[in-house]
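Okay, so here's the structure we're looking at.
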2 protein chains.
Amino acid sequence: MSFPPPSASKHDLEEGAVFTPKFDANGLIVCVTQEAATGEILMLAYMNELALEKTLETGVVHYWSRSRNALWRKGDTSGQVQKLVDLRVDCDQDAVLVRVEAGGDGKACHTGRKSCFYRAVSPEGRLSEV
Amino acid sequence: MSFPPPSASKHDLEEGAVFTPKFDANGLIVCVTQEAATGEILMLAYMNELALEKTLETGVVHYWSRSRNALWRKGDTSGQVQKLVDLRVDCDQDAVLVRVEAGGDGKACHTGRKSCFYRAVSPEGRLSEV
């Protein structure tokens, strides 16, 4: 599977029935990952076309690792496999949301936390764990 | 207020108490917007340093509009003002999550939906409204 190019029609992008993801200059699309059962945001990462295809085909979430420059099947080393519940796209088709069941011990962040968004920012720019 | 530059230390980024947002080559940081009361993801957008500062200072969410190339106080024209509940940052400080109370009629998407992520993608690449 590969994806058709984005339509030039705003109406097609927003109201059409065809998935035409818009990749950026680096061939990536931003992806927000949410635990389906709780609504908690687990992480934010990127997919390239291959990662997006693999995610839809296998039902297991794949990303593109920008630091390793490699396809990244989340959980291959950590056991934190993410089972896809559904994949959604936003109005202009340049961002996706994956709703998942988290596998392993459910800690999606490499620091050992469940979510990568474990700190709140004060108005003065100080961080505190939530 | 302006923000200190990102530390070269991974430990400082992940465990430190200072907010050092990492902006990309265009001076932007990606932002996920979540309705605090329900956990629903409303939208994904970008902030520049000014938008991030204004959001923290005023408690009202500001973005950077990439299409208009302008500071964008969400709701100025639509009435969909987003009141900040809290702003969180991820482990490597290159993405933020804003948890909000949505104002106006609560429809964050310009298409008239509550959320921009109103379509699910089938394995065959077809879209259907959720």
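Scheme for the structure tokens: letters A, B, ... for chains in order shown; per-chain residue numbers from 1; ligand numbers from 1 in order shown.
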Spatial neighbours of Lys10 in chain A, max dist 12 Å, only C-alpha atoms, sep filter under 4 positions, as a list in words:
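Those residues are Pro6, Glu14, Glu15, Gly16, Thr20, Cys91, Asp92 and Gln93 of chain A; Thr111 of chain B.
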For those residues, write all heavy atoms to a file as a PDB file, in the first residue's frame.
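That gives us out.pdb:
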ATOM      1  N   PRO A   6      -1.688  14.319  -1.482  1.00  0.00           N
ATOM      2  CA  PRO A   6      -2.743  15.207  -0.976  1.00  0.00           C
ATOM      3  C   PRO A   6      -3.448  15.924  -2.118  1.00  0.00           C
ATOM      4  O   PRO A   6      -2.810  16.337  -3.089  1.00  0.00           O
ATOM      5  CB  PRO A   6      -1.971  16.207  -0.106  1.00  0.00           C
ATOM      6  CG  PRO A   6      -0.724  15.491   0.287  1.00  0.00           C
ATOM      7  CD  PRO A   6      -0.382  14.611  -0.889  1.00  0.00           C
ATOM      8  N   GLU A  14     -10.678  17.814   3.696  1.00  0.00           N
ATOM      9  CA  GLU A  14     -11.436  17.902   4.950  1.00  0.00           C
ATOM     10  C   GLU A  14     -12.663  16.993   4.990  1.00  0.00           C
ATOM     11  O   GLU A  14     -13.067  16.549   6.056  1.00  0.00           O
ATOM     12  CB  GLU A  14     -11.896  19.353   5.175  1.00  0.00           C
ATOM     13  CG  GLU A  14     -10.745  20.298   5.428  1.00  0.00           C
ATOM     14  CD  GLU A  14     -11.151  21.750   5.526  1.00  0.00           C
ATOM     15  OE1 GLU A  14     -12.351  22.069   5.349  1.00  0.00           O
ATOM     16  OE2 GLU A  14     -10.267  22.593   5.785  1.00  0.00           O
ATOM     17  N   GLU A  15     -13.264  16.776   3.804  1.00  0.00           N
ATOM     18  CA  GLU A  15     -14.547  16.061   3.794  1.00  0.00           C
ATOM     19  C   GLU A  15     -14.516  14.798   2.933  1.00  0.00           C
ATOM     20  O   GLU A  15     -15.503  14.061   2.883  1.00  0.00           O
ATOM     21  CB  GLU A  15     -15.671  16.988   3.295  1.00  0.00           C
ATOM     22  CG  GLU A  15     -15.790  18.318   4.052  1.00  0.00           C
ATOM     23  CD  GLU A  15     -16.167  18.152   5.528  1.00  0.00           C
ATOM     24  OE1 GLU A  15     -16.742  17.104   5.879  1.00  0.00           O
ATOM     25  OE2 GLU A  15     -15.870  19.068   6.309  1.00  0.00           O
ATOM     26  N   GLY A  16     -13.405  14.557   2.255  1.00  0.00           N
ATOM     27  CA  GLY A  16     -13.321  13.393   1.388  1.00  0.00           C
ATOM     28  C   GLY A  16     -13.174  12.098   2.174  1.00  0.00           C
ATOM     29  O   GLY A  16     -12.971  12.104   3.385  1.00  0.00           O
ATOM     30  N   THR A  20      -5.106  10.808   2.520  1.00  0.00           N
ATOM     31  CA  THR A  20      -3.993  11.348   1.730  1.00  0.00           C
ATOM     32  C   THR A  20      -3.061  12.102   2.679  1.00  0.00           C
ATOM     33  O   THR A  20      -3.039  13.328   2.709  1.00  0.00           O
ATOM     34  CB  THR A  20      -4.501  12.282   0.622  1.00  0.00           C
ATOM     35  OG1 THR A  20      -5.267  13.339   1.219  1.00  0.00           O
ATOM     36  CG2 THR A  20      -5.373  11.556  -0.376  1.00  0.00           C
ATOM     37  N   CYS A  91      -8.021  17.518  10.255  1.00  0.00           N
ATOM     38  CA  CYS A  91      -8.771  18.130   9.160  1.00  0.00           C
ATOM     39  C   CYS A  91      -7.929  18.327   7.903  1.00  0.00           C
ATOM     40  O   CYS A  91      -8.392  18.047   6.802  1.00  0.00           O
ATOM     41  CB  CYS A  91      -9.394  19.452   9.611  1.00  0.00           C
ATOM     42  SG  CYS A  91      -8.306  20.523  10.591  1.00  0.00           S
ATOM     43  N   ASP A  92      -6.697  18.799   8.042  1.00  0.00           N
ATOM     44  CA  ASP A  92      -5.886  19.028   6.841  1.00  0.00           C
ATOM     45  C   ASP A  92      -4.916  17.884   6.550  1.00  0.00           C
ATOM     46  O   ASP A  92      -4.054  18.006   5.665  1.00  0.00           O
ATOM     47  CB  ASP A  92      -5.185  20.394   6.894  1.00  0.00           C
ATOM     48  CG  ASP A  92      -4.331  20.567   8.128  1.00  0.00           C
ATOM     49  OD1 ASP A  92      -4.311  19.642   8.971  1.00  0.00           O
ATOM     50  OD2 ASP A  92      -3.677  21.613   8.266  1.00  0.00           O
ATOM     51  N   GLN A  93      -5.082  16.796   7.263  1.00  0.00           N
ATOM     52  CA  GLN A  93      -4.355  15.541   7.000  1.00  0.00           C
ATOM     53  C   GLN A  93      -2.835  15.672   7.102  1.00  0.00           C
ATOM     54  O   GLN A  93      -2.095  15.015   6.376  1.00  0.00           O
ATOM     55  CB  GLN A  93      -4.767  14.923   5.641  1.00  0.00           C
ATOM     56  CG  GLN A  93      -6.275  14.659   5.555  1.00  0.00           C
ATOM     57  CD  GLN A  93      -6.641  13.535   4.600  1.00  0.00           C
ATOM     58  OE1 GLN A  93      -5.914  12.554   4.442  1.00  0.00           O
ATOM     59  NE2 GLN A  93      -7.792  13.649   3.946  1.00  0.00           N
TER      60      GLN A  93
ATOM     61  N   THR B 111     -13.741  23.349  10.875  1.00  0.00           N
ATOM     62  CA  THR B 111     -14.813  22.740  10.068  1.00  0.00           C
ATOM     63  C   THR B 111     -16.131  22.675  10.842  1.00  0.00           C
ATOM     64  O   THR B 111     -17.133  22.193  10.305  1.00  0.00           O
ATOM     65  CB  THR B 111     -14.439  21.302   9.641  1.00  0.00           C
ATOM     66  OG1 THR B 111     -14.374  20.470  10.808  1.00  0.00           O
ATOM     67  CG2 THR B 111     -13.124  21.255   8.885  1.00  0.00           C
TER      68      THR B 111
END
Residue contacts of range 125-130 of chain B (6 Å, only C-alpha atoms) excluding same-chain residues fewer than 5 positions away, as an MDAnalysis selection string:
(chainID A and resid 17:19) or (chainID B and resid 118:120)
Take the residues that were just selected and, keeping all heavy atoms, output them as a PDB file, in the first residue's frame.
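out.pdb written:
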ATOM      1  N   ALA A  17     -13.259  10.985   1.463  1.00  0.00           N
ATOM      2  CA  ALA A  17     -13.213   9.661   2.097  1.00  0.00           C
ATOM      3  C   ALA A  17     -11.884   8.953   1.856  1.00  0.00           C
ATOM      4  O   ALA A  17     -11.737   7.777   2.185  1.00  0.00           O
ATOM      5  CB  ALA A  17     -14.357   8.800   1.573  1.00  0.00           C
ATOM      6  N   VAL A  18     -10.915   9.673   1.302  1.00  0.00           N
ATOM      7  CA  VAL A  18      -9.626   9.057   0.989  1.00  0.00           C
ATOM      8  C   VAL A  18      -8.530   9.637   1.884  1.00  0.00           C
ATOM      9  O   VAL A  18      -8.401  10.859   2.013  1.00  0.00           O
ATOM     10  CB  VAL A  18      -9.247   9.273  -0.492  1.00  0.00           C
ATOM     11  CG1 VAL A  18      -7.940   8.549  -0.817  1.00  0.00           C
ATOM     12  CG2 VAL A  18     -10.363   8.786  -1.399  1.00  0.00           C
ATOM     13  N   PHE A  19      -7.758   8.736   2.462  1.00  0.00           N
ATOM     14  CA  PHE A  19      -6.645   9.120   3.325  1.00  0.00           C
ATOM     15  C   PHE A  19      -5.463   9.521   2.451  1.00  0.00           C
ATOM     16  O   PHE A  19      -4.905   8.691   1.727  1.00  0.00           O
ATOM     17  CB  PHE A  19      -6.283   7.945   4.224  1.00  0.00           C
ATOM     18  CG  PHE A  19      -5.180   8.193   5.208  1.00  0.00           C
ATOM     19  CD1 PHE A  19      -5.120   9.362   5.960  1.00  0.00           C
ATOM     20  CD2 PHE A  19      -4.202   7.232   5.431  1.00  0.00           C
ATOM     21  CE1 PHE A  19      -4.106   9.574   6.897  1.00  0.00           C
ATOM     22  CE2 PHE A  19      -3.188   7.423   6.372  1.00  0.00           C
ATOM     23  CZ  PHE A  19      -3.146   8.600   7.096  1.00  0.00           C
TER      24      PHE A  19
ATOM     25  N   TYR B 118     -11.545  14.014  13.499  1.00  0.00           N
ATOM     26  CA  TYR B 118     -12.931  13.536  13.422  1.00  0.00           C
ATOM     27  C   TYR B 118     -13.088  12.343  12.483  1.00  0.00           C
ATOM     28  O   TYR B 118     -14.199  11.864  12.292  1.00  0.00           O
ATOM     29  CB  TYR B 118     -13.873  14.676  13.008  1.00  0.00           C
ATOM     30  CG  TYR B 118     -13.463  15.454  11.774  1.00  0.00           C
ATOM     31  CD1 TYR B 118     -13.806  15.006  10.496  1.00  0.00           C
ATOM     32  CD2 TYR B 118     -12.720  16.620  11.889  1.00  0.00           C
ATOM     33  CE1 TYR B 118     -13.419  15.718   9.370  1.00  0.00           C
ATOM     34  CE2 TYR B 118     -12.325  17.334  10.767  1.00  0.00           C
ATOM     35  CZ  TYR B 118     -12.678  16.883   9.516  1.00  0.00           C
ATOM     36  OH  TYR B 118     -12.280  17.573   8.406  1.00  0.00           O
ATOM     37  N   ARG B 119     -11.978  11.860  11.917  1.00  0.00           N
ATOM     38  CA  ARG B 119     -12.058  10.737  10.986  1.00  0.00           C
ATOM     39  C   ARG B 119     -11.072   9.640  11.355  1.00  0.00           C
ATOM     40  O   ARG B 119      -9.898   9.912  11.640  1.00  0.00           O
ATOM     41  CB  ARG B 119     -11.755  11.206   9.557  1.00  0.00           C
ATOM     42  CG  ARG B 119     -12.823  12.126   9.006  1.00  0.00           C
ATOM     43  CD  ARG B 119     -12.394  12.752   7.701  1.00  0.00           C
ATOM     44  NE  ARG B 119     -11.222  13.622   7.885  1.00  0.00           N
ATOM     45  CZ  ARG B 119     -10.668  14.328   6.920  1.00  0.00           C
ATOM     46  NH1 ARG B 119     -11.150  14.267   5.685  1.00  0.00           N
ATOM     47  NH2 ARG B 119      -9.625  15.087   7.186  1.00  0.00           N
ATOM     48  N   ALA B 120     -11.553   8.408  11.293  1.00  0.00           N
ATOM     49  CA  ALA B 120     -10.689   7.246  11.477  1.00  0.00           C
ATOM     50  C   ALA B 120     -10.300   6.711  10.100  1.00  0.00           C
ATOM     51  O   ALA B 120     -11.054   6.840   9.126  1.00  0.00           O
ATOM     52  CB  ALA B 120     -11.392   6.170  12.287  1.00  0.00           C
TER      53      ALA B 120
END
Run DSSP on the backbone and tell me which residues of chain A come out as alpha helix (DSSP H); list them as a list in words.
Lys10, His11, Asp12, Leu13, Glu14, Glu15, Glu49, Leu50, Ala51, Leu52, Glu53, Lys54, Thr55, Leu56, Glu57 and Thr58 of chain A
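Each of A:Val81, A:Ala102, A:Leu71, A:Leu56 was compared to Thr38 in chain A using only C-alpha atoms, and A:Ala102 turns out to be the nearest.
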CA of Phe23 in chain A to CA of Arg99 in chain A: how many Å, to one decimal?
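Those two atoms sit 20.1 Å apart.
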How many Å separate CA of Ser2 in chain B from CA of Ala95 in chain B?
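Computing it gives 17.0 Å between the two atoms.
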